[in-house]
Amino acid sequence: MRVALNEARRAIGLTSPNPAVGAVLVLDNRIVARGHHRGAGEPHAEIECLRKFSRAIPAKSTLYVTLEPCSTVGRTGPCVREIIERGVKNVVIGAIDLNPDHAGRGIALLRDAGIKVRSGILADECVVLNETFNKWIVTRRPFVIAKCGMSLDGRLTRPPEESRWITSAAARRHAHRLRGTVDAILVGANTIKIDNPRLTVRRIRGKNQPWRVILSRSGSLPKSAKIFTDRFARRTMVYRNKSLDGVLKDLGQNNITSVLIEGGGEILGQALGQCLIDKLQLYIGPIFTGGPVVAFAGQGAASTREAPHLARPTYQRIDSDITRFLRS
């Protein structure tokens, strides 16, 4: 199953609105085929794996898959049917598919066909792998990650006469990998006017470019901004005078399963204050800047008890930057 998980990780950021899934076929304690879902409309992981084993599948072999095989017709046929037709007799599953059309149904169909099924193997890891899909498929709202590079005194900026960068080049490369896992990047109008960012994935091969979503009260943005003039201009959306909550709801209805909020401080503050964030990813530079822009602006919680609390925090040193901090 760990090998299947590694296969699935190769698909992160490429399969939306489908989940990332990996599969391996084992015969005599040896992996004889493996596969992962490569994108919406492409064969699912189980199918890619089984098709790589061209011979008849021995009864003593076992198919390991990180997510319950699908049982309905979508862009592709149901994986359950092909598993049964290929003569697989043993299937080991990581996580149950939370899609209401699939949940538990694939397992039941496999068992009804006489296939031995075990489920829940490394389930927690398999569930976390698809945390964005799992939220979206149940709520039709995107999984929201708030990300920023901030100083030790909680600032997004340095004084105007200084360099714009707070975090190291290594941390910025890490942030590009994060961009490569989401469907959309969201910022406020001031970020476009002041920083003129590209909001693209760079120096990371094989990743899709996310949509660029801009929130603006007036809709007045510089026509020369990079988001309107580069080769990804068609992947830019501007929402005028619409609430952050309303924008996220609209994005989810349009099959955007994950959104990375990158700023500025006002948008980040709104997202935190309205409890719209599923995960925080903070890159903390080892400096105090006293810059003018606070990372999470707003009035804050009325009391500590009412404030958001972090679950499962993890820390990682990246070059000279202090930590990477996650909340989920």
# chains A, B, ... in the order shown; residues from 1 in each chain; ligands from 1
>>> select_by_dssp(residues="region 60-151 of chain A", states="strand (DSSP E)", output="MDAnalysis selection string")
chainID A and resid 62:67 90:95 116:118 143:150
>>> residues_around(residues="region 160-171 of chain A", least_positions_apart="3", cutoff="7 Å", atoms="only C-alpha atoms", output="ChimeraX atom specification")
/A:149-151,157,174-175,283-285,318-321
>>> residues_around(residues="region 188-193 of chain A", least_positions_apart="3", cutoff="7 Å", atoms="only C-alpha atoms", output="list in words")
Asn196, Pro197, Ile214, Leu215, Ser216, Leu221, Pro222, Gly263, Gly264 and Ile267 of chain A
>>> atom_distance(atom1="CA of Ala123 (chain A)", atom2="CA of Glu7 (chain A)")
15.5 Å
>>> residues_around(residues="Ala45 (chain A)", least_positions_apart="4", cutoff="6 Å", atoms="only C-alpha atoms", output="JSON list (two decimals) with N, CA and C atoms, in the first residue's frame")
[["chain", "number", "residue", "atom", "x", "y", "z"],
["A", 21, "VAL", "N", -5.05, 8.77, -7.18],
["A", 21, "VAL", "CA", -5.14, 7.36, -6.78],
["A", 21, "VAL", "C", -3.96, 6.59, -7.36],
["A", 22, "GLY", "N", -3.46, 5.64, -6.56],
["A", 22, "GLY", "CA", -2.41, 4.75, -7.03],
["A", 22, "GLY", "C", -2.80, 3.30, -6.82],
["A", 23, "ALA", "N", -2.23, 2.41, -7.63],
["A", 23, "ALA", "CA", -2.54, 0.98, -7.52],
["A", 23, "ALA", "C", -1.31, 0.15, -7.88],
["A", 35, "GLY", "N", 0.33, 1.56, -11.31],
["A", 35, "GLY", "CA", -0.27, 2.62, -12.12],
["A", 35, "GLY", "C", -0.85, 3.70, -11.23],
["A", 36, "HIS", "N", -1.09, 4.85, -11.82],
["A", 36, "HIS", "CA", -1.77, 5.94, -11.11],
["A", 36, "HIS", "C", -2.66, 6.69, -12.09],
["A", 37, "HIS", "N", -3.66, 7.35, -11.56],
["A", 37, "HIS", "CA", -4.57, 8.15, -12.38],
["A", 37, "HIS", "C", -3.81, 9.38, -12.86]]
>>> closest_residue(among="A:Asp112, A:Asp101, A:Glu125, A:Glu262", to="Ile137 (chain A)", atoms="only C-alpha atoms")
A:Asp101
>>> select_by_dssp(residues="region 88-207 of chain A", states="alpha helix (DSSP H)", output="JSON, numbers by chain")
{"A": [105, 106, 107, 108, 109, 110, 111, 112, 123, 124, 125, 126, 127, 128, 129, 131, 132, 133, 134, 135, 136, 137, 138, 139, 169, 170, 171, 172, 173, 174, 175, 176, 177, 178, 179, 189, 190, 191, 192, 193, 194, 195]}
>>> residues_around(residues="Leu186 (chain A)", least_positions_apart="2", cutoff="7 Å", atoms="only C-alpha atoms", output="PyMOL selection string")
chain A and resi 184+212-214+259-262
>>> closest_residue(among="A:Asn254, A:Thr200, A:Ser243, A:Gln316", to="Leu276 (chain A)", atoms="only C-alpha atoms")
A:Ser243
>>> closest_residue(among="A:Cys275, A:Ser16, A:Leu282, A:Val201", to="His309 (chain A)", atoms="only C-alpha atoms")
A:Cys275
>>> residues_around(residues="Pro142 (chain A)", least_positions_apart="2", cutoff="7 Å", atoms="only C-alpha atoms", output="PyMOL selection string")
chain A and resi 132+135-136+140+144+248+252+256-259
>>> residues_around(residues="Arg231 (chain A)", least_positions_apart="4", cutoff="12 Å", atoms="only C-alpha atoms", output="count of residues only")
7
>>> closest_residue(among="A:Leu14, A:Met1, A:Leu122, A:Ile185", to="Leu63 (chain A)", atoms="only C-alpha atoms")
A:Met1
>>> atom_distance(atom1="CA of Leu110 (chain A)", atom2="CA of Arg86 (chain A)")
12.2 Å
>>> atom_distance(atom1="CA of Pro286 (chain A)", atom2="CA of Leu152 (chain A)")
6.3 Å
